[in-house]
file my_file_39.csv (CSV, C-alpha atoms)
chain,number,residue,atom,x,y,z
B,1,MET,CA,0.0,0.0,0.0
B,2,VAL,CA,2.8,2.4,0.9
B,3,GLU,CA,4.5,1.5,-2.3
B,4,PHE,CA,1.3,2.2,-4.3
B,5,ILE,CA,0.9,5.6,-2.6
B,6,ARG,CA,4.5,6.5,-3.2
B,7,SER,CA,4.2,5.5,-6.8
B,8,ILE,CA,1.1,7.7,-7.2
B,9,VAL,CA,2.9,10.7,-5.7
B,10,GLU,CA,5.9,10.1,-8.0
B,11,HIS,CA,3.6,10.2,-11.0
B,12,ILE,CA,1.1,12.9,-9.8
B,13,ASN,CA,1.2,15.0,-13.0
B,14,TYR,CA,0.6,12.0,-15.2
B,15,VAL,CA,-2.4,11.0,-13.0
B,16,ALA,CA,-3.7,14.5,-13.3
B,17,SER,CA,-3.4,14.5,-17.0
B,18,VAL,CA,-5.3,11.2,-17.2
B,19,ALA,CA,-8.0,12.6,-15.0
B,20,LEU,CA,-8.4,15.7,-17.2
B,21,PHE,CA,-8.6,13.4,-20.3
B,22,ILE,CA,-11.4,11.4,-18.7
B,23,ILE,CA,-13.3,14.5,-17.7
B,24,GLY,CA,-13.0,15.9,-21.2
B,25,LEU,CA,-14.1,12.6,-22.7
B,26,TYR,CA,-17.1,12.4,-20.3
B,27,THR,CA,-18.1,15.9,-21.3
B,28,VAL,CA,-17.9,15.1,-25.0
B,29,LEU,CA,-19.9,11.9,-24.6
B,30,THR,CA,-22.7,12.9,-22.3
B,31,HIS,CA,-23.6,16.5,-23.2
B,32,SER,CA,-25.8,17.2,-26.2
B,33,ASN,CA,-25.0,20.9,-26.3
B,34,LEU,CA,-22.4,21.4,-29.1
B,35,LEU,CA,-20.6,24.2,-27.3
B,36,LYS,CA,-20.1,22.0,-24.3
B,37,LYS,CA,-18.7,19.3,-26.6
B,38,VAL,CA,-16.1,21.8,-27.9
B,39,ILE,CA,-15.2,22.7,-24.3
B,40,GLY,CA,-14.7,19.0,-23.7
B,41,ILE,CA,-12.4,18.7,-26.7
B,42,ASN,CA,-10.4,21.6,-25.3
B,43,ILE,CA,-10.1,19.9,-21.9
B,44,MET,CA,-8.7,16.8,-23.6
B,45,GLU,CA,-6.2,18.8,-25.5
B,46,THR,CA,-5.1,20.5,-22.3
B,47,SER,CA,-4.5,17.1,-20.7
B,48,ILE,CA,-2.2,16.1,-23.6
B,49,PHE,CA,-0.2,19.4,-23.2
B,50,LEU,CA,0.1,18.7,-19.4
B,51,PHE,CA,1.3,15.2,-20.2
B,52,PHE,CA,4.0,16.3,-22.6
B,53,VAL,CA,5.3,19.2,-20.5
B,54,SER,CA,5.5,16.9,-17.5
B,55,ILE,CA,7.7,14.5,-19.5
B,56,GLY,CA,10.2,17.2,-19.9
B,57,TYR,CA,10.3,18.3,-16.3
B,58,VAL,CA,13.4,17.8,-14.2
B,59,HIS,CA,13.7,18.3,-10.5
B,60,ASP,CA,15.6,21.6,-9.6
B,61,GLY,CA,15.8,22.4,-13.3
B,62,SER,CA,15.6,25.9,-14.5
B,63,ALA,CA,13.9,27.1,-17.7
B,64,PRO,CA,15.9,26.4,-20.8
B,65,ILE,CA,17.4,29.8,-21.2
B,66,ILE,CA,21.1,29.4,-21.2
B,67,ASN,CA,22.9,31.1,-18.4
B,68,LEU,CA,25.5,33.1,-20.3
B,69,GLY,CA,28.8,33.2,-18.5
B,70,GLY,CA,27.4,31.8,-15.3
B,71,ASP,CA,27.7,28.4,-13.7
B,72,ARG,CA,26.5,25.2,-15.3
B,73,VAL,CA,23.0,24.5,-14.1
B,74,ILE,CA,20.4,21.8,-14.8
B,75,TYR,CA,17.8,22.8,-17.4
B,76,VAL,CA,14.5,21.1,-18.1
B,77,ASN,CA,14.1,19.3,-21.4
B,78,PRO,CA,13.4,21.9,-24.1
B,79,LEU,CA,12.1,19.5,-26.7
B,80,PRO,CA,8.6,18.8,-25.4
B,81,SER,CA,7.9,22.5,-24.8
B,82,ALA,CA,8.9,23.3,-28.3
B,83,LEU,CA,6.8,20.5,-29.7
B,84,ILE,CA,3.7,21.5,-27.7
B,85,LEU,CA,3.7,24.9,-29.3
B,86,THR,CA,2.5,23.1,-32.5
B,87,GLY,CA,-0.2,21.4,-30.5
B,88,ILE,CA,-1.5,24.7,-29.1
B,89,VAL,CA,-1.7,26.3,-32.5
B,90,VAL,CA,-3.6,23.3,-33.9
B,91,ALA,CA,-5.9,23.5,-30.8
B,92,VAL,CA,-6.7,27.1,-31.6
B,93,SER,CA,-7.4,26.4,-35.2
B,94,ILE,CA,-9.7,23.4,-34.5
B,95,THR,CA,-11.6,25.5,-31.9
B,96,ALA,CA,-12.1,28.3,-34.3
B,97,TYR,CA,-13.3,26.0,-37.1
B,98,SER,CA,-15.7,24.1,-34.9
B,99,LEU,CA,-17.1,27.4,-33.5
B,100,SER,CA,-17.8,28.6,-37.1
B,101,LEU,CA,-19.5,25.3,-37.9
B,102,ILE,CA,-21.7,25.7,-34.8
B,103,ILE,CA,-22.6,29.2,-35.9
B,104,LYS,CA,-23.7,27.8,-39.3
B,105,LEU,CA,-25.7,25.0,-37.6
B,106,TYR,CA,-27.5,27.6,-35.4
B,107,GLU,CA,-28.4,29.6,-38.5
B,108,ALA,CA,-29.7,26.6,-40.2
B,109,TYR,CA,-31.7,24.9,-37.3
B,110,GLY,CA,-32.2,27.6,-34.7
B,111,THR,CA,-30.6,25.5,-31.9
B,112,ILE,CA,-27.3,24.1,-30.9
B,113,ASP,CA,-28.6,21.1,-29.1
B,114,LEU,CA,-27.7,17.9,-30.8
B,115,ASN,CA,-30.9,16.0,-29.9
B,116,GLU,CA,-33.1,18.8,-31.2
B,117,ILE,CA,-31.1,18.9,-34.5
B,118,MET,CA,-31.5,15.1,-34.8
B,119,GLU,CA,-35.3,15.5,-34.2
B,120,ILE,CA,-35.6,18.2,-36.9
B,121,ARG,CA,-33.6,16.1,-39.3
B,122,GLY,CA,-35.4,12.8,-39.0
B,123,GLY,CA,-37.2,12.2,-35.7
B,124,ARG,CA,-34.4,10.0,-34.3
B,125,THR,CA,-32.7,11.1,-31.1
B,126,ASN,CA,-29.4,10.2,-29.5
B,127,GLU,CA,-30.9,9.3,-26.2
L,1,MET,CA,-21.9,48.7,-25.0
L,2,ASP,CA,-21.9,52.3,-23.8
L,3,ASP,CA,-20.1,52.0,-20.5
L,4,LEU,CA,-17.9,55.0,-19.8
L,5,ILE,CA,-15.6,53.2,-17.3
L,6,VAL,CA,-14.9,50.3,-19.6
L,7,LYS,CA,-14.2,52.5,-22.5
L,8,THR,CA,-11.9,54.8,-20.6
L,9,ILE,CA,-9.9,52.0,-19.0
L,10,THR,CA,-9.6,50.3,-22.4
L,11,ARG,CA,-8.4,53.4,-24.1
L,12,LEU,CA,-5.8,53.8,-21.4
L,13,ILE,CA,-4.6,50.2,-21.2
L,14,VAL,CA,-4.5,49.1,-24.8
L,15,PRO,CA,-1.2,50.9,-25.7
L,16,PHE,CA,0.5,49.3,-22.8
L,17,ILE,CA,-0.7,45.8,-23.7
L,18,GLN,CA,0.6,46.4,-27.2
L,19,VAL,CA,4.0,47.6,-26.1
L,20,TYR,CA,4.3,44.6,-23.9
L,21,GLY,CA,3.4,42.3,-26.8
L,22,ILE,CA,6.0,44.0,-29.0
L,23,PHE,CA,8.5,43.6,-26.2
L,24,ILE,CA,7.8,39.9,-25.9
L,25,ILE,CA,8.2,39.5,-29.7
L,26,LEU,CA,11.4,41.5,-30.0
L,27,HIS,CA,13.0,39.7,-27.0
L,28,GLY,CA,12.0,36.3,-28.2
L,29,HIS,CA,15.5,34.9,-28.5
L,30,ILE,CA,16.9,36.1,-25.2
L,31,SER,CA,14.1,35.8,-22.7
L,32,PRO,CA,10.9,33.7,-22.3
L,33,GLY,CA,8.4,34.3,-24.9
L,34,GLY,CA,8.6,34.4,-28.7
L,35,GLY,CA,6.4,34.9,-31.7
L,36,PHE,CA,3.5,32.9,-30.6
L,37,SER,CA,3.0,34.3,-27.1
L,38,GLY,CA,3.7,37.9,-28.2
L,39,GLY,CA,1.4,37.6,-31.1
L,40,ALA,CA,-1.3,36.3,-28.8
L,41,VAL,CA,-0.9,39.3,-26.5
L,42,LEU,CA,-1.1,41.7,-29.4
L,43,GLY,CA,-4.2,40.0,-30.7
L,44,SER,CA,-5.8,40.0,-27.3
L,45,SER,CA,-5.3,43.8,-27.0
L,46,MET,CA,-7.3,44.2,-30.2
L,47,ILE,CA,-10.0,41.8,-28.9
L,48,LEU,CA,-10.3,43.9,-25.8
L,49,PHE,CA,-10.8,47.0,-28.0
L,50,THR,CA,-13.5,45.2,-30.0
L,51,LEU,CA,-15.3,44.0,-26.9
L,52,SER,CA,-15.5,47.5,-25.4
L,53,TYR,CA,-16.0,49.7,-28.5
L,54,GLY,CA,-18.0,47.4,-30.8
L,55,LEU,CA,-17.2,45.8,-34.1
L,56,THR,CA,-17.7,48.9,-36.3
L,57,ASP,CA,-15.1,51.0,-34.5
L,58,ALA,CA,-12.6,48.1,-34.4
L,59,THR,CA,-12.9,47.4,-38.2
L,60,LYS,CA,-12.5,51.1,-38.7
L,61,LYS,CA,-9.2,51.0,-36.8
L,62,LEU,CA,-8.0,47.7,-38.4
L,63,PRO,CA,-9.9,46.9,-41.6
L,64,HIS,CA,-10.1,43.3,-42.9
L,65,LYS,CA,-7.9,44.3,-45.8
L,66,VAL,CA,-5.0,45.3,-43.5
L,67,THR,CA,-5.2,42.0,-41.5
L,68,GLY,CA,-5.4,40.0,-44.8
L,69,VAL,CA,-2.3,41.8,-46.0
L,70,LEU,CA,-0.5,41.2,-42.7
L,71,GLU,CA,-1.4,37.5,-42.7
L,72,SER,CA,-0.1,36.9,-46.2
L,73,GLY,CA,2.8,39.2,-45.6
L,74,GLY,CA,4.0,37.4,-42.5
L,75,ILE,CA,4.1,34.0,-44.2
L,76,ILE,CA,5.7,35.4,-47.4
L,77,TRP,CA,8.4,37.2,-45.4
L,78,TYR,CA,9.1,33.8,-43.6
L,79,ILE,CA,9.5,32.0,-47.0
L,80,LEU,CA,11.6,34.8,-48.4
L,81,LEU,CA,14.0,34.5,-45.4
L,82,GLY,CA,14.2,30.8,-46.1
L,83,LEU,CA,14.9,31.4,-49.8
L,84,MET,CA,17.6,33.9,-48.9
L,85,GLY,CA,19.5,31.0,-47.3
L,86,ILE,CA,19.4,29.2,-50.7
L,87,LEU,CA,20.5,32.4,-52.5
L,88,LEU,CA,23.5,32.7,-50.2
L,89,GLY,CA,24.6,29.2,-51.0
L,90,GLY,CA,23.1,27.1,-48.1
L,91,LYS,CA,20.0,25.1,-47.4
L,92,PHE,CA,16.5,26.4,-47.0
L,93,LEU,CA,16.2,28.4,-43.8
L,94,SER,CA,19.9,27.9,-42.9
L,95,ASN,CA,21.2,30.5,-40.5
L,96,LYS,CA,24.8,30.5,-39.4
L,97,GLU,CA,26.3,28.5,-42.3
L,98,VAL,CA,25.5,31.2,-44.9
L,99,GLY,CA,26.8,34.1,-42.8
L,100,PHE,CA,23.9,36.0,-41.5
L,101,PHE,CA,24.8,38.6,-38.9
L,102,MET,CA,25.3,36.7,-35.7
L,103,GLY,CA,26.6,39.3,-33.2
L,104,GLN,CA,27.1,38.8,-29.5
L,105,ALA,CA,24.9,36.3,-27.8
L,106,GLY,CA,22.5,38.0,-25.4
L,107,GLU,CA,22.0,41.2,-27.3
L,108,ILE,CA,18.9,42.1,-29.3
L,109,LEU,CA,20.7,42.5,-32.6
L,110,SER,CA,22.1,39.0,-32.8
L,111,ALA,CA,21.3,35.4,-33.7
L,112,GLY,CA,20.9,35.9,-37.5
L,113,ILE,CA,17.4,35.3,-38.8
L,114,ILE,CA,15.9,34.2,-35.5
L,115,PRO,CA,14.5,37.7,-34.5
L,116,LEU,CA,13.3,38.3,-38.1
L,117,ILE,CA,11.4,34.9,-38.1
L,118,THR,CA,10.0,35.7,-34.7
L,119,VAL,CA,8.7,39.0,-35.9
L,120,ALA,CA,7.1,37.2,-38.9
L,121,ILE,CA,5.4,34.7,-36.6
L,122,GLY,CA,4.2,37.4,-34.2
L,123,ILE,CA,2.6,39.4,-37.0
L,124,LYS,CA,1.0,36.2,-38.4
L,125,VAL,CA,-0.4,35.1,-35.0
L,126,ALA,CA,-1.7,38.5,-34.1
L,127,SER,CA,-3.5,39.0,-37.4
L,128,THR,CA,-4.9,35.5,-37.2
L,129,VAL,CA,-6.4,36.0,-33.7
L,130,ILE,CA,-7.9,39.3,-34.7
L,131,THR,CA,-9.3,38.0,-38.0
L,132,LEU,CA,-10.8,34.9,-36.4
L,133,PHE,CA,-12.5,36.9,-33.7
L,134,HIS,CA,-13.9,39.5,-36.1
L,135,THR,CA,-15.1,36.9,-38.5
L,136,ILE,CA,-16.8,34.8,-35.8
L,137,ILE,CA,-18.6,37.6,-34.0
L,138,GLU,CA,-19.8,39.3,-37.2
L,139,GLU,CA,-23.5,39.1,-37.2
L,140,ASP,CA,-26.1,38.5,-40.0
N,1,MET,CA,-29.2,5.0,-17.5
N,2,LYS,CA,-26.9,6.1,-20.3
N,3,LYS,CA,-24.9,8.2,-18.0
N,4,GLY,CA,-24.3,5.3,-15.6
N,5,LEU,CA,-23.0,3.2,-18.4
N,6,PHE,CA,-20.6,6.0,-19.5
N,7,ILE,CA,-19.4,6.4,-15.9
N,8,ILE,CA,-18.7,2.7,-15.6
N,9,VAL,CA,-16.8,2.5,-18.9
N,10,LEU,CA,-14.8,5.7,-18.3
N,11,SER,CA,-13.8,4.7,-14.8
N,12,GLY,CA,-12.6,1.4,-16.3
N,13,LEU,CA,-10.6,3.4,-18.9
N,14,PHE,CA,-9.2,5.6,-16.0
N,15,LEU,CA,-8.0,2.6,-14.1
N,16,LEU,CA,-6.4,1.2,-17.2
N,17,LEU,CA,-4.6,4.4,-18.1
N,18,VAL,CA,-3.4,5.0,-14.5
N,19,ALA,CA,-2.2,1.4,-14.2
N,20,SER,CA,-0.1,1.8,-17.4
N,21,ILE,CA,1.1,5.3,-16.4
N,22,LEU,CA,2.4,4.0,-13.1
N,23,GLN,CA,4.9,1.9,-15.0
N,24,MET,CA,6.5,5.0,-16.5
N,25,PRO,CA,9.8,6.4,-15.2
N,26,SER,CA,9.1,8.7,-12.3
N,27,LEU,CA,8.4,12.4,-12.8
N,28,GLY,CA,11.3,14.8,-12.8
N,29,SER,CA,14.2,12.3,-12.8
N,30,ILE,CA,17.2,13.3,-14.8
N,31,GLU,CA,17.6,9.6,-15.7
N,32,ASN,CA,14.3,9.9,-17.7
N,33,PRO,CA,14.7,8.3,-21.2
N,34,SER,CA,13.2,11.4,-22.7
N,35,TYR,CA,16.2,13.4,-21.5
N,36,ASN,CA,18.4,11.9,-24.2
N,37,GLU,CA,21.2,13.0,-26.4
N,38,THR,CA,19.0,15.2,-28.6
N,39,ALA,CA,18.0,17.4,-25.7
N,40,VAL,CA,21.5,17.5,-24.3
N,41,TYR,CA,22.8,18.5,-27.7
N,42,TYR,CA,20.3,21.3,-28.0
N,43,LEU,CA,21.2,22.6,-24.5
N,44,GLU,CA,24.9,22.4,-25.0
N,45,ASN,CA,25.3,23.7,-28.6
N,46,ALA,CA,22.4,26.2,-28.9
N,47,VAL,CA,24.4,29.2,-28.0
N,48,GLU,CA,27.3,28.3,-30.3
N,49,ASP,CA,25.2,27.4,-33.2
N,50,THR,CA,22.6,30.2,-33.1
N,51,HIS,CA,23.8,32.8,-30.6
N,52,ALA,CA,20.4,32.8,-29.0
N,53,PRO,CA,20.3,32.0,-25.3
N,54,ASN,CA,16.6,30.9,-25.4
N,55,ALA,CA,16.9,27.3,-26.3
N,56,ILE,CA,13.3,26.9,-27.3
N,57,ALA,CA,13.5,29.9,-29.7
N,58,ALA,CA,16.7,28.3,-31.1
N,59,ILE,CA,14.8,25.0,-31.6
N,60,ILE,CA,11.6,26.3,-33.2
N,61,THR,CA,13.2,29.0,-35.4
N,62,ASP,CA,16.5,27.5,-36.3
N,63,TYR,CA,16.9,23.8,-35.9
N,64,ARG,CA,13.3,23.1,-36.8
N,65,ALA,CA,12.3,26.2,-38.7
N,66,PHE,CA,10.7,24.2,-41.5
N,67,ASP,CA,8.4,22.7,-38.9
N,68,THR,CA,7.4,26.1,-37.8
N,69,LEU,CA,6.7,27.1,-41.4
N,70,GLY,CA,4.2,24.3,-41.5
N,71,GLU,CA,2.7,25.5,-38.2
N,72,THR,CA,2.0,29.0,-39.6
N,73,THR,CA,0.5,27.3,-42.6
N,74,VAL,CA,-1.9,25.6,-40.2
N,75,LEU,CA,-3.0,29.1,-39.0
N,76,PHE,CA,-3.4,30.2,-42.5
N,77,THR,CA,-5.5,27.2,-43.4
N,78,SER,CA,-7.8,27.7,-40.3
N,79,ILE,CA,-8.5,31.3,-41.4
N,80,ALA,CA,-9.3,30.1,-44.9
N,81,ALA,CA,-11.6,27.4,-43.5
N,82,VAL,CA,-13.4,29.8,-41.1
N,83,ILE,CA,-13.9,32.5,-43.8
N,84,SER,CA,-15.1,29.9,-46.4
N,85,VAL,CA,-17.6,28.6,-43.9
N,86,LEU,CA,-18.9,31.9,-42.6
N,87,LYS,CA,-18.6,34.3,-45.5
N,88,ILE,CA,-19.3,32.5,-48.8
N,89,SER,CA,-22.8,31.3,-48.2
N,90,HIS,CA,-23.7,34.8,-47.0
N,91,HIS,CA,-22.9,36.3,-50.4
N,92,SER,CA,-24.8,33.6,-52.2
N,93,LYS,CA,-27.8,34.3,-50.0
N,94,ASN,CA,-27.6,38.0,-51.0
N,95,LYS,CA,-27.5,37.0,-54.7
N,96,GLY,CA,-30.5,34.7,-54.2
N,97,ASP,CA,-32.4,37.6,-52.6
N,98,LYS,CA,-31.6,39.9,-55.5
N,99,ALA,CA,-32.7,37.2,-58.0
N,100,ASN,CA,-35.9,36.7,-56.2
N,101,GLY,CA,-36.6,40.4,-55.7
call {"tool": "encode", "arguments": {"input": "my_file_39.csv", "output": "structure tokens"}}
result
Amino acid sequence: MVEFIRSIVEHINYVASVALFIIGLYTVLTHSNLLKKVIGINIMETSIFLFFVSIGYVHDGSAPIINLGGDRVIYVNPLPSALILTGIVVAVSITAYSLSLIIKLYEAYGTIDLNEIMEIRGGRTNE
Amino acid sequence: MDDLIVKTITRLIVPFIQVYGIFIILHGHISPGGGFSGGAVLGSSMILFTLSYGLTDATKKLPHKVTGVLESGGIIWYILLGLMGILLGGKFLSNKEVGFFMGQAGEILSAGIIPLITVAIGIKVASTVITLFHTIIEED
Amino acid sequence: MKKGLFIIVLSGLFLLLVASILQMPSLGSIENPSYNETAVYYLENAVEDTHAPNAIAAIITDYRAFDTLGETTVLFTSIAAVISVLKISHHSKNKGDKANG
């Protein structure tokens, strides 16, 4: 039991990222409001960012800005931070595109609730 | 929205936000920050202006044509910098091998094409944020 | 009913992911396999190669600048997609109104 708790504490960031991922997936699956689905997708993306940045973390490490002329210090891994910039840009683009699609859906159906849209389209609901 | 307090505070604070964004972009290679975060700060200042003054005033300050030119200009400037590496006898987007001005590490005018590329990314991100916001909140 | 099913399935997924994550190397250790020779190379040679103390700026705008060019293309594509969704049909609706009127 003590081993298990210590192992949880050693991986606390990863556990938090998994929890965020599950929360986002639950939001996407259970809510029928399209805006809430987009928020769930954003929470899932945030969990992936937290996971990647946690991989690069080093104890007592400073930010990867080289200390010119000073002592040699330990830096955190710069590579995951640089890669996650790409992920953030893609997240912004996907959010903007899905929001514009939701605006078009609202103009067409007058609602952004998925069940109501399904009813208007053919009488079949998702429940 | 006709709130005097919000409008006055916005008018006072927007230049400072923009100066801070430009500072982040120009110091991208020697301090935390860079093109993406500085561009996001610049775009957010314009979003604040739009929220407090309305879309018509904001498009009067920054028309769609200007943001379109800035978007295309940022990416074309980036590609031209890359092609300059080929022109000087190296590879696409090569920096030190083809003899760009390197300078002393830690100063603003140093590091070859890195500050120029950072400026390109900053302009691109700022105009993207502003254009997306203006396009999405546009009614009718 | 449906919500209960989702909660059961997602808690099973949570247990699976946590059980696999606990086998990873612990957080913040310098022995982490992700702290490999690539990261060490970037940290040691960034100032010499690019004269930029910010290692992340050196990576995204010098070592992997072509990657960043693709990233800005993603932004461009998102603007093109949003404008094509929101603007184009608006104009065609105007045209239809004119034709009808």
call {"tool": "residues_around", "arguments": {"input": "my_file_39.csv", "residues": "Val92 of chain B", "least_positions_apart": "5", "cutoff": "9 Å", "atoms": "all atoms listed in the file", "output": "list of chain:residue names"}}
result
B:Gly87, B:Tyr97, N:Leu75, N:Ser78
call {"tool": "atom_distance", "arguments": {"input": "my_file_39.csv", "atom1": "atom CA of Ile41 of chain B", "atom2": "atom CA of Ile88 of chain B"}}
result
12.7 Å
call {"tool": "closest_residue", "arguments": {"input": "my_file_39.csv", "among": "N:Val74, N:Leu86, N:Ile59, N:Ala52", "to": "Ala39 of chain N", "atoms": "all atoms listed in the file"}}
result
N:Ile59
call {"tool": "atom_distance", "arguments": {"input": "my_file_39.csv", "atom1": "atom CA of Thr135 of chain L", "atom2": "atom CA of Gly43 of chain L"}}
result
13.8 Å
call {"tool": "interface_residues", "arguments": {"input": "my_file_39.csv", "of": "chain N", "to": "chain L", "cutoff": "6 Å", "atoms": "all atoms listed in the file", "output": "PyMOL selection string"}}
result
chain N and resi 50-54+57+61
call {"tool": "closest_residue", "arguments": {"input": "my_file_39.csv", "among": "L:Val41, L:Met84, L:Ile76, L:Ile24", "to": "Phe100 of chain L", "atoms": "all atoms listed in the file"}}
result
L:Met84
call {"tool": "interface_residues", "arguments": {"input": "my_file_39.csv", "of": "chain B", "to": "chain L", "cutoff": "9 Å", "atoms": "all atoms listed in the file", "output": "list of chain:residue names"}}
result
B:Ala63, B:Pro64, B:Ile65, B:Ile66, B:Leu68, B:Leu85, B:Val89, B:Ala96, B:Leu99, B:Ser100, B:Ile103
call {"tool": "write_last_selection", "arguments": {"input": "my_file_39.csv", "atoms": "C-alpha atoms", "output": "compact mmCIF listing (two decimals), keeping the file's coordinate frame"}}
result
# COMPACT_ATOMS: atom_id res chain seq x y z
CA ALA B 63 13.90 27.10 -17.70
CA PRO B 64 15.90 26.40 -20.80
CA ILE B 65 17.40 29.80 -21.20
CA ILE B 66 21.10 29.40 -21.20
CA LEU B 68 25.50 33.10 -20.30
CA LEU B 85 3.70 24.90 -29.30
CA VAL B 89 -1.70 26.30 -32.50
CA ALA B 96 -12.10 28.30 -34.30
CA LEU B 99 -17.10 27.40 -33.50
CA SER B 100 -17.80 28.60 -37.10
CA ILE B 103 -22.60 29.20 -35.90
call {"tool": "residues_around", "arguments": {"input": "my_file_39.csv", "residues": "segment 10-21 of chain B", "least_positions_apart": "4", "cutoff": "10 Å", "atoms": "only C-alpha atoms", "output": "VMD selection string"}}
result
(chain B and resid 4 to 6 25 to 27 40 to 55) or (chain N and resid 11 13 to 15 17 to 19 21 to 29)
call {"tool": "atom_distance", "arguments": {"input": "my_file_39.csv", "atom1": "atom CA of Gly89 of chain L", "atom2": "atom CA of Arg64 of chain N"}}
result
19.1 Å
call {"tool": "closest_residue", "arguments": {"input": "my_file_39.csv", "among": "N:Val85, N:Ala80, N:Ile56, N:Leu5", "to": "Leu83 of chain B", "atoms": "only C-alpha atoms"}}
result
N:Ile56
